[in-house]
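Data file: query-v4.cif. Format and content: mmCIF, C-alpha atoms.
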```
data_query
loop_
_atom_site.label_atom_id
_atom_site.label_comp_id
_atom_site.auth_asym_id
_atom_site.auth_seq_id
_atom_site.Cartn_x
_atom_site.Cartn_y
_atom_site.Cartn_z
CA MET A 996 9.81 -18.76 19.38
CA LYS A 997 6.07 -19.23 19.20
CA ILE A 998 4.18 -18.94 15.92
CA THR A 999 0.43 -18.38 15.84
CA LEU A 1000 -1.69 -18.46 12.71
CA VAL A 1001 -4.95 -16.54 12.78
CA LYS A 1002 -7.48 -17.67 10.21
CA LYS A 1003 -10.88 -16.21 9.50
CA ILE A 1004 -14.46 -17.40 9.36
CA LEU A 1005 -16.65 -15.04 7.35
CA ALA A 1006 -19.87 -13.54 8.70
CA ASP A 1007 -21.91 -16.09 6.75
CA GLY A 1008 -20.04 -18.95 8.42
CA SER A 1009 -17.98 -19.89 5.41
CA PRO A 1010 -14.20 -20.25 5.64
CA CYS A 1011 -11.99 -17.57 4.15
CA LYS A 1012 -10.57 -18.81 0.83
CA LYS A 1013 -7.13 -17.26 1.31
CA CYS A 1014 -6.88 -18.88 4.76
CA GLY A 1015 -7.62 -22.25 3.17
CA ASP A 1016 -4.96 -21.68 0.53
CA VAL A 1017 -2.39 -20.73 3.16
CA LEU A 1018 -3.20 -23.78 5.30
CA GLN A 1019 -2.87 -26.03 2.26
CA LYS A 1020 0.51 -24.54 1.37
CA LEU A 1021 1.73 -24.97 4.94
CA GLU A 1022 0.67 -28.63 4.90
CA GLU A 1023 2.18 -29.34 1.49
CA SER A 1024 5.50 -27.72 2.38
CA GLY A 1025 5.70 -29.49 5.73
CA HIS A 1026 5.72 -26.17 7.56
CA MET A 1027 2.52 -26.81 9.47
CA SER A 1028 4.61 -28.44 12.19
CA ARG A 1029 6.25 -25.04 12.79
CA ILE A 1030 2.88 -23.47 13.65
CA ASP A 1031 2.31 -23.71 17.38
CA GLU A 1032 -1.27 -22.50 17.51
CA VAL A 1033 -4.11 -21.77 15.13
CA LEU A 1034 -6.71 -19.25 16.27
CA VAL A 1035 -10.00 -18.46 14.60
CA ALA A 1036 -11.16 -14.91 13.91
CA ASP A 1037 -14.87 -15.57 13.61
CA GLU A 1038 -16.71 -12.55 12.27
CA ARG A 1039 -19.86 -13.82 13.95
CA ASP A 1040 -18.22 -13.79 17.37
CA PRO A 1041 -16.44 -10.62 18.55
CA ASP A 1042 -15.04 -12.61 21.48
CA SER A 1043 -13.35 -15.18 19.28
CA ALA A 1044 -9.67 -15.52 20.10
CA GLY A 1045 -8.50 -14.55 16.63
CA LEU A 1046 -10.50 -11.31 16.55
CA GLN A 1047 -9.20 -10.34 19.96
CA VAL A 1048 -5.60 -10.92 18.88
CA ALA A 1049 -6.26 -8.89 15.73
CA LYS A 1050 -7.63 -6.06 17.85
CA ASP A 1051 -4.73 -6.18 20.31
CA LEU A 1052 -2.16 -6.07 17.51
CA ASN A 1053 -4.07 -3.63 15.29
CA VAL A 1054 -4.38 -6.05 12.39
CA HIS A 1055 -7.19 -5.51 9.92
CA ARG A 1056 -6.87 -8.56 7.69
CA ALA A 1057 -6.59 -12.31 7.86
CA PRO A 1058 -4.93 -14.71 7.62
CA PHE A 1059 -1.95 -13.43 9.53
CA PHE A 1060 0.87 -14.83 11.61
CA VAL A 1061 2.14 -13.69 15.00
CA VAL A 1062 5.72 -14.53 15.87
CA GLU A 1063 6.63 -14.21 19.53
CA LYS A 1064 10.22 -14.30 20.74
CA GLU A 1065 11.22 -14.04 24.34
CA GLY A 1066 11.77 -10.47 25.46
CA GLN A 1067 10.65 -8.98 22.14
CA ALA A 1068 7.47 -7.37 20.88
CA PRO A 1069 5.34 -9.73 18.78
CA GLU A 1070 5.91 -9.56 15.03
CA VAL A 1071 2.90 -9.59 12.73
CA HIS A 1072 3.12 -10.99 9.21
CA THR A 1073 0.23 -10.50 6.80
CA VAL A 1074 2.04 -11.61 3.63
CA TYR A 1075 2.36 -15.41 3.55
CA LEU A 1076 5.37 -15.56 1.24
CA LYS A 1077 7.19 -12.87 3.23
CA PHE A 1078 6.48 -14.88 6.39
CA VAL A 1079 7.88 -18.13 5.00
CA LYS A 1080 10.94 -16.32 3.70
CA ASP A 1081 11.70 -14.20 6.78
CA VAL A 1082 10.61 -16.58 9.54
CA LEU A 1083 10.70 -20.10 8.12
CA GLU A 1084 13.71 -19.27 5.95
CA GLN A 1085 12.28 -20.87 2.84
CA ASN A 1086 13.30 -19.53 -0.55
CA THR A 1087 10.47 -17.67 -2.27
CA SER A 1088 10.11 -15.95 -5.60
CA ALA A 1089 10.16 -12.14 -5.43
CA SER A 1090 7.57 -11.97 -8.19
CA ASP A 1091 5.24 -14.36 -6.39
CA GLU A 1092 5.56 -12.28 -3.24
CA ALA A 1093 4.83 -9.08 -5.15
CA LEU A 1094 1.77 -10.68 -6.75
CA GLU A 1095 0.47 -11.82 -3.36
CA ILE A 1096 0.86 -8.28 -2.01
CA MET A 1097 -0.96 -6.84 -5.01
CA LYS A 1098 -3.83 -9.32 -4.83
CA ASP A 1099 -4.42 -8.84 -1.13
CA ASN A 1100 -4.08 -5.08 -0.99
CA PRO A 1101 -6.39 -3.34 -3.44
CA ASP A 1102 -5.63 -0.01 -1.81
CA LEU A 1103 -2.14 -0.20 -3.33
CA ASP A 1104 -3.60 0.90 -6.64
CA PHE A 1105 -2.62 4.45 -5.66
CA ILE A 1106 1.00 3.96 -6.66
CA MET B 1354 13.28 8.85 17.19
CA PRO B 1355 13.47 5.20 16.19
CA ALA B 1356 10.27 4.10 14.51
CA GLU B 1357 9.75 1.23 16.94
CA LEU B 1358 9.09 3.77 19.67
CA LEU B 1359 6.23 5.35 17.74
CA ASN B 1360 2.76 4.31 18.72
CA THR B 1361 1.20 4.94 15.35
CA VAL B 1362 -2.37 4.36 16.50
CA ASP B 1363 -2.22 7.03 19.20
CA ILE B 1364 -0.30 9.45 17.01
CA ASP B 1365 -2.80 8.94 14.21
CA SER B 1366 -5.70 9.98 16.40
CA THR B 1367 -3.89 13.26 17.11
CA LEU B 1368 -2.61 13.91 13.59
CA GLN B 1369 -6.01 13.19 12.00
CA LYS B 1370 -7.03 16.70 13.07
CA GLU B 1371 -3.97 18.36 11.57
CA PRO B 1372 -3.57 19.83 8.07
CA PRO B 1373 -1.28 17.99 5.62
CA GLN B 1374 1.53 20.47 6.16
CA GLU B 1375 1.65 19.72 9.88
CA ILE B 1376 1.54 15.98 9.28
CA LEU B 1377 4.44 16.34 6.86
CA ARG B 1378 6.31 18.51 9.32
CA TYR B 1379 5.83 15.85 11.98
CA ALA B 1380 6.98 13.07 9.63
CA LEU B 1381 10.11 14.93 8.61
CA SER B 1382 10.93 15.82 12.20
CA GLN B 1383 10.80 12.16 13.18
CA PHE B 1384 12.70 10.58 10.31
CA ASP B 1385 15.83 11.39 8.37
CA ASN B 1386 15.67 8.29 6.19
CA ILE B 1387 12.29 9.11 4.69
CA ALA B 1388 11.20 9.56 1.08
CA LEU B 1389 8.19 10.91 -0.72
CA SER B 1390 6.42 8.78 -3.33
CA PHE B 1391 5.32 10.89 -6.30
CA SER B 1392 2.93 9.37 -8.83
CA GLY B 1393 3.14 12.01 -11.51
CA ALA B 1394 -0.38 13.25 -10.82
CA GLU B 1395 -2.04 15.66 -8.38
CA ASP B 1396 -0.02 14.37 -5.44
CA VAL B 1397 2.46 17.00 -6.59
CA VAL B 1398 0.84 19.16 -3.87
CA LEU B 1399 2.56 17.00 -1.29
CA LEU B 1400 5.87 17.59 -2.96
CA ASP B 1401 5.21 21.33 -3.03
CA MET B 1402 4.44 21.29 0.70
CA ALA B 1403 7.51 19.19 1.49
CA MET B 1404 9.74 21.64 -0.39
CA GLN B 1405 8.77 24.34 2.13
CA ILE B 1406 9.91 22.14 5.01
CA ARG B 1407 12.84 20.10 3.71
CA PRO B 1408 13.93 21.21 0.22
CA ASN B 1409 16.29 18.27 -0.13
CA ILE B 1410 13.71 15.61 0.71
CA GLU B 1411 14.19 12.38 -1.22
CA VAL B 1412 11.56 11.88 -3.91
CA PHE B 1413 10.94 8.76 -5.95
CA CYS B 1414 8.46 7.70 -8.58
CA LEU B 1415 7.71 4.49 -10.44
CA ASP B 1416 8.19 4.34 -14.18
CA THR B 1417 6.22 1.29 -15.21
CA GLY B 1418 7.24 1.73 -18.83
CA ARG B 1419 3.59 2.26 -19.75
CA LEU B 1420 2.98 5.84 -18.60
CA HIS B 1421 1.56 8.56 -20.85
CA SER B 1422 4.14 10.72 -22.56
CA GLU B 1423 2.41 13.64 -20.82
CA THR B 1424 3.28 12.07 -17.47
CA TYR B 1425 6.94 11.67 -18.42
CA ARG B 1426 7.00 15.33 -19.44
CA PHE B 1427 5.35 16.28 -16.18
CA ILE B 1428 7.86 14.37 -14.07
CA GLU B 1429 10.63 16.22 -15.89
CA LYS B 1430 8.83 19.53 -15.40
CA VAL B 1431 8.58 18.88 -11.66
CA ARG B 1432 12.24 17.98 -11.49
CA GLU B 1433 13.18 21.27 -13.13
CA HIS B 1434 10.60 23.41 -11.32
CA TYR B 1435 11.75 22.37 -7.86
CA ASN B 1436 15.36 21.75 -8.87
CA ILE B 1437 15.31 18.34 -7.26
CA ASN B 1438 16.55 14.88 -8.03
CA ILE B 1439 13.79 12.35 -8.59
CA ASP B 1440 14.73 8.72 -8.15
CA VAL B 1441 12.86 7.05 -11.00
CA LEU B 1442 12.37 3.35 -10.31
CA TYR B 1443 12.03 0.73 -13.02
CA PRO B 1444 10.67 -2.81 -13.07
CA ASP B 1445 12.98 -5.78 -13.42
CA GLY B 1446 13.57 -6.19 -17.15
CA SER B 1447 13.65 -9.98 -17.11
CA ALA B 1448 10.33 -10.15 -15.23
CA VAL B 1449 8.67 -7.82 -17.75
CA ARG B 1450 10.19 -9.76 -20.61
CA GLN B 1451 8.85 -13.04 -19.27
CA LEU B 1452 5.35 -11.63 -18.74
CA VAL B 1453 5.19 -10.14 -22.23
CA LYS B 1454 6.64 -13.27 -23.82
CA GLU B 1455 4.05 -15.48 -22.16
CA LYS B 1456 0.99 -13.25 -22.21
CA GLY B 1457 1.61 -10.34 -24.56
CA LEU B 1458 1.55 -6.62 -23.96
CA TYR B 1459 -2.08 -6.33 -22.90
CA SER B 1460 -2.65 -9.37 -20.68
CA PHE B 1461 -4.43 -7.21 -18.11
CA TYR B 1462 -7.43 -6.82 -20.42
CA GLN B 1463 -7.86 -10.62 -20.48
CA ASP B 1464 -7.30 -11.46 -16.82
CA ASN B 1465 -6.79 -8.41 -14.60
CA HIS B 1466 -4.21 -5.77 -13.76
CA GLN B 1467 -2.75 -7.47 -10.71
CA GLU B 1468 0.03 -9.50 -12.32
CA CYS B 1469 1.23 -6.62 -14.47
CA CYS B 1470 1.05 -4.16 -11.54
CA SER B 1471 2.90 -6.58 -9.29
CA ILE B 1472 5.81 -6.68 -11.74
CA ARG B 1473 5.82 -3.07 -12.87
CA LYS B 1474 4.91 -1.38 -9.59
CA ILE B 1475 4.99 -3.56 -6.48
CA ALA B 1476 8.35 -5.26 -7.03
CA PRO B 1477 10.33 -2.04 -7.63
CA LEU B 1478 8.46 -0.29 -4.82
CA LYS B 1479 9.25 -3.16 -2.48
CA SER B 1480 12.96 -2.93 -3.32
CA LYS B 1481 12.99 0.82 -2.77
CA LEU B 1482 11.18 0.64 0.57
CA LEU B 1483 13.75 -1.80 1.92
CA GLU B 1484 16.14 1.19 1.92
CA LEU B 1485 13.87 3.44 4.00
CA ASP B 1486 12.63 3.89 7.55
CA ALA B 1487 9.54 5.84 6.46
CA TRP B 1488 7.72 6.95 3.34
CA VAL B 1489 5.06 9.47 2.40
CA THR B 1490 2.21 8.88 -0.03
CA GLY B 1491 -0.51 11.03 -1.58
CA GLN B 1492 -3.35 8.62 -0.76
CA ARG B 1493 -6.71 10.22 0.01
CA LYS B 1494 -9.85 8.71 1.45
CA ASP B 1495 -12.03 10.25 -1.24
CA GLN B 1496 -10.08 8.55 -4.05
CA SER B 1497 -11.75 5.21 -3.39
CA PRO B 1498 -14.27 4.94 -0.56
CA GLY B 1499 -14.23 1.17 -1.01
CA THR B 1500 -10.55 0.59 -0.35
CA ARG B 1501 -9.31 3.79 1.23
CA GLY B 1502 -12.19 4.99 3.38
CA THR B 1503 -10.32 4.35 6.60
CA ILE B 1504 -6.71 5.05 5.75
CA PRO B 1505 -4.83 6.58 8.67
CA VAL B 1506 -2.46 9.51 8.30
CA ILE B 1507 0.31 7.47 9.91
CA GLN B 1508 0.59 3.70 9.95
CA ASP B 1509 2.93 0.87 10.68
CA ASP B 1510 3.65 -0.52 7.19
CA ARG B 1511 4.01 -4.23 7.80
CA LEU B 1512 3.78 -5.11 4.11
CA PHE B 1513 7.05 -3.57 3.07
CA ALA B 1514 9.10 -3.41 6.27
CA ARG B 1515 12.50 -5.05 6.38
CA ALA B 1516 12.54 -8.33 8.30
CA ASN B 1517 12.39 -7.69 12.05
CA GLU B 1518 12.28 -3.93 11.53
CA THR B 1519 9.61 -1.29 11.12
CA LEU B 1520 8.61 0.97 8.28
CA THR B 1521 6.33 3.93 8.91
CA LYS B 1522 3.98 5.20 6.24
CA PHE B 1523 2.49 8.70 6.23
CA ASN B 1524 -0.60 9.69 4.24
CA PRO B 1525 -0.80 13.45 4.90
CA LEU B 1526 -3.53 14.04 2.30
CA ALA B 1527 -5.78 11.30 3.69
CA ASN B 1528 -8.46 13.72 4.85
CA TRP B 1529 -8.23 16.18 2.00
CA THR B 1530 -10.72 16.12 -0.84
CA SER B 1531 -9.96 16.41 -4.52
CA ARG B 1532 -11.40 19.92 -4.30
CA GLN B 1533 -8.90 20.94 -1.61
CA VAL B 1534 -6.03 19.51 -3.62
CA TRP B 1535 -7.03 21.49 -6.69
CA ASP B 1536 -7.66 24.67 -4.68
CA TYR B 1537 -4.06 24.35 -3.44
CA ILE B 1538 -2.68 23.70 -6.94
CA ARG B 1539 -4.41 26.80 -8.30
CA ALA B 1540 -3.72 29.03 -5.31
CA TYR B 1541 0.00 28.35 -5.38
CA ASN B 1542 0.46 27.88 -9.14
CA VAL B 1543 1.74 24.37 -8.63
CA PRO B 1544 2.63 22.60 -11.91
CA TYR B 1545 0.28 19.77 -12.82
CA ASN B 1546 -0.04 16.97 -15.36
CA GLU B 1547 -1.62 18.30 -18.56
CA LEU B 1548 -3.80 15.18 -18.75
CA HIS B 1549 -5.95 16.66 -15.98
CA ASP B 1550 -7.09 19.36 -18.43
CA ARG B 1551 -8.34 16.60 -20.73
CA GLY B 1552 -10.66 14.91 -18.28
CA PHE B 1553 -8.24 12.56 -16.57
CA GLN B 1554 -8.88 12.70 -12.84
CA SER B 1555 -6.88 9.65 -11.75
CA ILE B 1556 -3.72 9.00 -13.72
CA GLY B 1557 -1.89 5.71 -13.96
CA CYS B 1558 -0.52 3.68 -16.86
CA GLU B 1559 -1.72 4.67 -20.34
CA PRO B 1560 -3.57 1.44 -21.22
CA CYS B 1561 -5.33 1.37 -17.84
CA THR B 1562 -6.41 5.00 -17.55
CA ARG B 1563 -9.16 6.91 -19.33
CA PRO B 1564 -10.87 10.27 -18.90
CA THR B 1565 -14.05 10.39 -16.85
CA GLY B 1566 -17.24 12.25 -17.56
CA PRO B 1567 -19.38 14.54 -15.41
CA ASN B 1568 -20.45 12.95 -12.12
CA GLN B 1569 -18.27 9.90 -12.63
CA HIS B 1570 -16.03 8.97 -9.75
CA GLU B 1571 -12.34 9.27 -10.53
CA ARG B 1572 -11.81 5.55 -9.99
CA GLU B 1573 -14.10 4.84 -12.94
CA GLY B 1574 -11.22 5.98 -15.09
CA ARG B 1575 -9.02 3.10 -13.92
CA TRP B 1576 -9.34 -0.63 -14.82
CA TRP B 1577 -12.91 -0.03 -15.92
CA TRP B 1578 -13.18 -3.48 -17.51
CA GLU B 1579 -12.79 -5.20 -14.16
CA GLU B 1580 -15.68 -5.81 -11.85
CA ALA B 1581 -15.30 -4.83 -8.24
CA THR B 1582 -14.62 -7.96 -6.27
CA GLN B 1583 -15.31 -8.67 -2.67
CA LYS B 1584 -12.23 -8.03 -0.56
CA GLU B 1585 -12.54 -10.97 1.73
CA CYS B 1586 -9.20 -10.59 3.48
CA GLY B 1587 -10.37 -7.63 5.57
CA LEU B 1588 -11.45 -8.19 9.15
CA HIS B 1589 -14.70 -6.41 9.83
CA ALA B 1590 -13.70 -3.95 12.51
CA SER B 1591 -17.29 -3.44 13.63
CA ASN B 1592 -17.28 -7.00 14.83
CA VAL B 1593 -14.30 -6.50 17.07
CA LYS B 1594 -15.33 -5.94 20.64
CA LYS B 1595 -14.37 -2.56 21.99
CA ALA B 1596 -12.00 -2.53 24.96
#
```
For this file, write the structure as structure tokens.
Amino acid sequence: MKITLVKKILADGSPCKKCGDVLQKLEESGHMSRIDEVLVADERDPDSAGLQVAKDLNVHRAPFFVVEKEGQAPEVHTVYLKFVKDVLEQNTSASDEALEIMKDNPDLDFI
Amino acid sequence: MPAELLNTVDIDSTLQKEPPQEILRYALSQFDNIALSFSGAEDVVLLDMAMQIRPNIEVFCLDTGRLHSETYRFIEKVREHYNINIDVLYPDGSAVRQLVKEKGLYSFYQDNHQECCSIRKIAPLKSKLLELDAWVTGQRKDQSPGTRGTIPVIQDDRLFARANETLTKFNPLANWTSRQVWDYIRAYNVPYNELHDRGFQSIGCEPCTRPTGPNQHEREGRWWWEEATQKECGLHASNVKKA
């Protein structure tokens, strides 16, 4: 299994805050060692590796994780807590996961 | 057809040109384990359309515990009008209890609506969607150009999919305007929430919804005390090199 994290650099060159939070959580939990590669989606550079992966996998947000298993289509995870629960098998709080989804997806206000 | 065989991007480009009824017909032809999300507002048109295609379609709605009494009456009216079962979903009682104990009944006015919505809406929705292979929503692009301007009519819903599986989301009304929705409601005498006659365009929970005036966008009637914030998680598609 190969795990890739795609983080974002904003058009003004500043780092994406959520990406920083996710990286910090991965470090603090000791899970950073499970990440095989970190790619940058640089909004200033359409050729940046992260933006190309996002385009190939039809992902419109960052950070996100790509999990590749031999002989299977790549899995994309855009919810950090869902990723650590489903892939890294760490216990997470359902309410924390729901709050992360709500914060990151303003379009969900339709429900 | 199993959802993993659907190329939602290609199908979307075809279905974008189709009317909502055809998109619904397509969705229902592809999935048996599919349900329609009904909000208790003007998305009742979707339910009316679905009844013509699959009268026993599964319908669910979220009861946050904070809806207007008019909305509860409307949900009941819809249930009786179409003679259908509506699966009414509720938030986890202990989570609501903890929120209210710590922050009171109106915490969303002090911070924002996200925590309350995550408990009362997202968590029960998430549980429900774990049971399904596909779902149908009444989202429209014109409801919020800022957050919904590019919604597809079919998409791979990675947020709520079961681990290692797929969930397909259909938005048949994506390209319809509010005007088209209301033309349909009037043309076919579809029942609607009485709050609409009192100036409510967008209807959600009672404390977070208010009527709007002439020339106000419908979203101005929701969470009006919050300032629009920059959605920095989006990847700017215009920056992605075309193939």
- Item | Residues returned when the PyMOL selection byres ((chain B and resi 1381-1386) around 10) runs on this file, as a ChimeraX atom specification | /B:1354-1356,1359,1375-1380,1387-1388,1403,1406-1407,1410-1411,1484-1489,1521
Within 8 Å of chain B, which residues of chain A come that close, and what is the closest atom pair and distance in Å for each? Count all atoms listed in the file and give it as JSON lines.
```
{"residue": "A:Cys1011", "atom": "CA", "partner": "B:Glu1585", "partner_atom": "CA", "distance": 7.1}
{"residue": "A:Lys1013", "atom": "CA", "partner": "B:Cys1586", "partner_atom": "CA", "distance": 7.3}
{"residue": "A:Glu1038", "atom": "CA", "partner": "B:Asn1592", "partner_atom": "CA", "distance": 6.1}
{"residue": "A:Arg1039", "atom": "CA", "partner": "B:Asn1592", "partner_atom": "CA", "distance": 7.3}
{"residue": "A:Asp1040", "atom": "CA", "partner": "B:Asn1592", "partner_atom": "CA", "distance": 7.3}
{"residue": "A:Pro1041", "atom": "CA", "partner": "B:Val1593", "partner_atom": "CA", "distance": 4.9}
{"residue": "A:Asp1042", "atom": "CA", "partner": "B:Lys1594", "partner_atom": "CA", "distance": 6.7}
{"residue": "A:Leu1046", "atom": "CA", "partner": "B:Val1593", "partner_atom": "CA", "distance": 6.2}
{"residue": "A:Gln1047", "atom": "CA", "partner": "B:Val1593", "partner_atom": "CA", "distance": 7.0}
{"residue": "A:Lys1050", "atom": "CA", "partner": "B:Val1593", "partner_atom": "CA", "distance": 6.7}
{"residue": "A:His1055", "atom": "CA", "partner": "B:Leu1588", "partner_atom": "CA", "distance": 5.1}
{"residue": "A:Arg1056", "atom": "CA", "partner": "B:Gly1587", "partner_atom": "CA", "distance": 4.2}
{"residue": "A:Ala1057", "atom": "CA", "partner": "B:Cys1586", "partner_atom": "CA", "distance": 5.4}
{"residue": "A:Pro1058", "atom": "CA", "partner": "B:Cys1586", "partner_atom": "CA", "distance": 7.2}
{"residue": "A:Glu1070", "atom": "CA", "partner": "B:Asn1517", "partner_atom": "CA", "distance": 7.4}
{"residue": "A:Val1071", "atom": "CA", "partner": "B:Arg1511", "partner_atom": "CA", "distance": 7.4}
{"residue": "A:His1072", "atom": "CA", "partner": "B:Arg1511", "partner_atom": "CA", "distance": 7.0}
{"residue": "A:Thr1073", "atom": "CA", "partner": "B:Leu1512", "partner_atom": "CA", "distance": 7.0}
{"residue": "A:Val1074", "atom": "CA", "partner": "B:Leu1512", "partner_atom": "CA", "distance": 6.7}
{"residue": "A:Asp1081", "atom": "CA", "partner": "B:Ala1516", "partner_atom": "CA", "distance": 6.1}
{"residue": "A:Ala1089", "atom": "CA", "partner": "B:Ala1476", "partner_atom": "CA", "distance": 7.3}
{"residue": "A:Ser1090", "atom": "CA", "partner": "B:Ile1472", "partner_atom": "CA", "distance": 6.6}
{"residue": "A:Ala1093", "atom": "CA", "partner": "B:Ser1471", "partner_atom": "CA", "distance": 5.2}
{"residue": "A:Leu1094", "atom": "CA", "partner": "B:Ser1471", "partner_atom": "CA", "distance": 5.0}
{"residue": "A:Ile1096", "atom": "CA", "partner": "B:Leu1512", "partner_atom": "CA", "distance": 7.5}
{"residue": "A:Met1097", "atom": "CA", "partner": "B:Ser1471", "partner_atom": "CA", "distance": 5.8}
{"residue": "A:Lys1098", "atom": "CA", "partner": "B:Gln1467", "partner_atom": "CA", "distance": 6.3}
{"residue": "A:Asp1099", "atom": "CA", "partner": "B:Cys1586", "partner_atom": "CA", "distance": 6.9}
{"residue": "A:Pro1101", "atom": "CA", "partner": "B:Thr1500", "partner_atom": "CA", "distance": 6.5}
{"residue": "A:Asp1102", "atom": "CA", "partner": "B:Thr1500", "partner_atom": "CA", "distance": 5.2}
{"residue": "A:Phe1105", "atom": "CA", "partner": "B:Gln1492", "partner_atom": "CA", "distance": 6.5}
{"residue": "A:Ile1106", "atom": "CA", "partner": "B:Ser1392", "partner_atom": "CA", "distance": 6.1}
```
Task: Test item: residues at most 6 Å from Phe1413 of chain B, only C-alpha atoms, excluding those fewer than 6 positions along its chain, as a PyMOL selection string - done: chain B and resi 1390+1439-1441
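Proximity ranking of B:Cys1561, B:Leu1482, B:Leu1458, B:Leu1368 relative to Leu1389 of chain B places B:Leu1482 first, based on only C-alpha atoms.
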Run the PyMOL selection byres ((chain B and resi 1568-1571) around 10) against the file shown and list the residues it catches, as JSON, numbers by chain. {"B": [1495, 1496, 1497, 1531, 1552, 1553, 1554, 1555, 1556, 1563, 1564, 1565, 1566, 1567, 1572, 1573, 1574, 1575]}
Residue subset to file, keeping C-alpha atoms, as an mmCIF file, in the coordinates of the input:
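Contents of the output file part-v2.cif:
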```
data_model
loop_
_atom_site.group_PDB
_atom_site.id
_atom_site.type_symbol
_atom_site.label_atom_id
_atom_site.label_comp_id
_atom_site.auth_asym_id
_atom_site.auth_seq_id
_atom_site.Cartn_x
_atom_site.Cartn_y
_atom_site.Cartn_z
ATOM 1 C CA ASP B 1495 -12.030 10.250 -1.240
ATOM 2 C CA GLN B 1496 -10.080 8.550 -4.050
ATOM 3 C CA SER B 1497 -11.750 5.210 -3.390
ATOM 4 C CA SER B 1531 -9.960 16.410 -4.520
ATOM 5 C CA GLY B 1552 -10.660 14.910 -18.280
ATOM 6 C CA PHE B 1553 -8.240 12.560 -16.570
ATOM 7 C CA GLN B 1554 -8.880 12.700 -12.840
ATOM 8 C CA SER B 1555 -6.880 9.650 -11.750
ATOM 9 C CA ILE B 1556 -3.720 9.000 -13.720
ATOM 10 C CA ARG B 1563 -9.160 6.910 -19.330
ATOM 11 C CA PRO B 1564 -10.870 10.270 -18.900
ATOM 12 C CA THR B 1565 -14.050 10.390 -16.850
ATOM 13 C CA GLY B 1566 -17.240 12.250 -17.560
ATOM 14 C CA PRO B 1567 -19.380 14.540 -15.410
ATOM 15 C CA ARG B 1572 -11.810 5.550 -9.990
ATOM 16 C CA GLU B 1573 -14.100 4.840 -12.940
ATOM 17 C CA GLY B 1574 -11.220 5.980 -15.090
ATOM 18 C CA ARG B 1575 -9.020 3.100 -13.920
#
```
Between atom CA of Val1397 of chain B and atom CA of Val1412 of chain B lies a distance of 10.8 Å
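Straight-line separation from atom CA of Ser1366 of chain B to atom CA of Val1506 of chain B: 8.7 Å.
Running the PyMOL selection byres ((chain A and resi 1003) around 7) on this file leaves A:Val1001, A:Lys1002, A:Ile1004, A:Leu1005, A:Pro1010, A:Cys1011, A:Cys1014, A:Val1035, A:Ala1036, A:Asp1037, A:Ala1057, A:Pro1058 selected.
Counting from atom CA of Ala1527 of chain B, the distance to atom CA of His1421 of chain B is 25.8 Å.
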Within 12 Å of Asn1436 of chain B, counting only C-alpha atoms, which residues show up once you throw out same-chain ones fewer than 2 positions away? Write them as a PyMOL selection string, please.
-> chain B and resi 1400-1401+1404+1408-1410+1412+1428-1434+1438-1439
Kindly save the residues from that selection, with C-alpha atoms included, as a PDB file, in the coordinates of the input.
```
ATOM      1  CA  LEU B1400       5.870  17.590  -2.960  1.00  0.00           C
ATOM      2  CA  ASP B1401       5.210  21.330  -3.030  1.00  0.00           C
ATOM      3  CA  MET B1404       9.740  21.640  -0.390  1.00  0.00           C
ATOM      4  CA  PRO B1408      13.930  21.210   0.220  1.00  0.00           C
ATOM      5  CA  ASN B1409      16.290  18.270  -0.130  1.00  0.00           C
ATOM      6  CA  ILE B1410      13.710  15.610   0.710  1.00  0.00           C
ATOM      7  CA  VAL B1412      11.560  11.880  -3.910  1.00  0.00           C
ATOM      8  CA  ILE B1428       7.860  14.370 -14.070  1.00  0.00           C
ATOM      9  CA  GLU B1429      10.630  16.220 -15.890  1.00  0.00           C
ATOM     10  CA  LYS B1430       8.830  19.530 -15.400  1.00  0.00           C
ATOM     11  CA  VAL B1431       8.580  18.880 -11.660  1.00  0.00           C
ATOM     12  CA  ARG B1432      12.240  17.980 -11.490  1.00  0.00           C
ATOM     13  CA  GLU B1433      13.180  21.270 -13.130  1.00  0.00           C
ATOM     14  CA  HIS B1434      10.600  23.410 -11.320  1.00  0.00           C
ATOM     15  CA  ASN B1438      16.550  14.880  -8.030  1.00  0.00           C
ATOM     16  CA  ILE B1439      13.790  12.350  -8.590  1.00  0.00           C
TER      17      ILE B1439
END
```
What lies within 12 Å of Val1079 of chain A using only C-alpha atoms, ignoring chain neighbours under 4 positions off, as a ChimeraX atom specification? /A:998,1017,1020-1021,1024-1027,1029-1030,1059-1060,1062,1072-1075,1083-1088,1092 /B:1516
Trp1577 of chain B proximity check over B:Gln1508, B:Thr1361, B:Asn1465, B:Gln1451, using all atoms listed in the file: winner is B:Asn1465
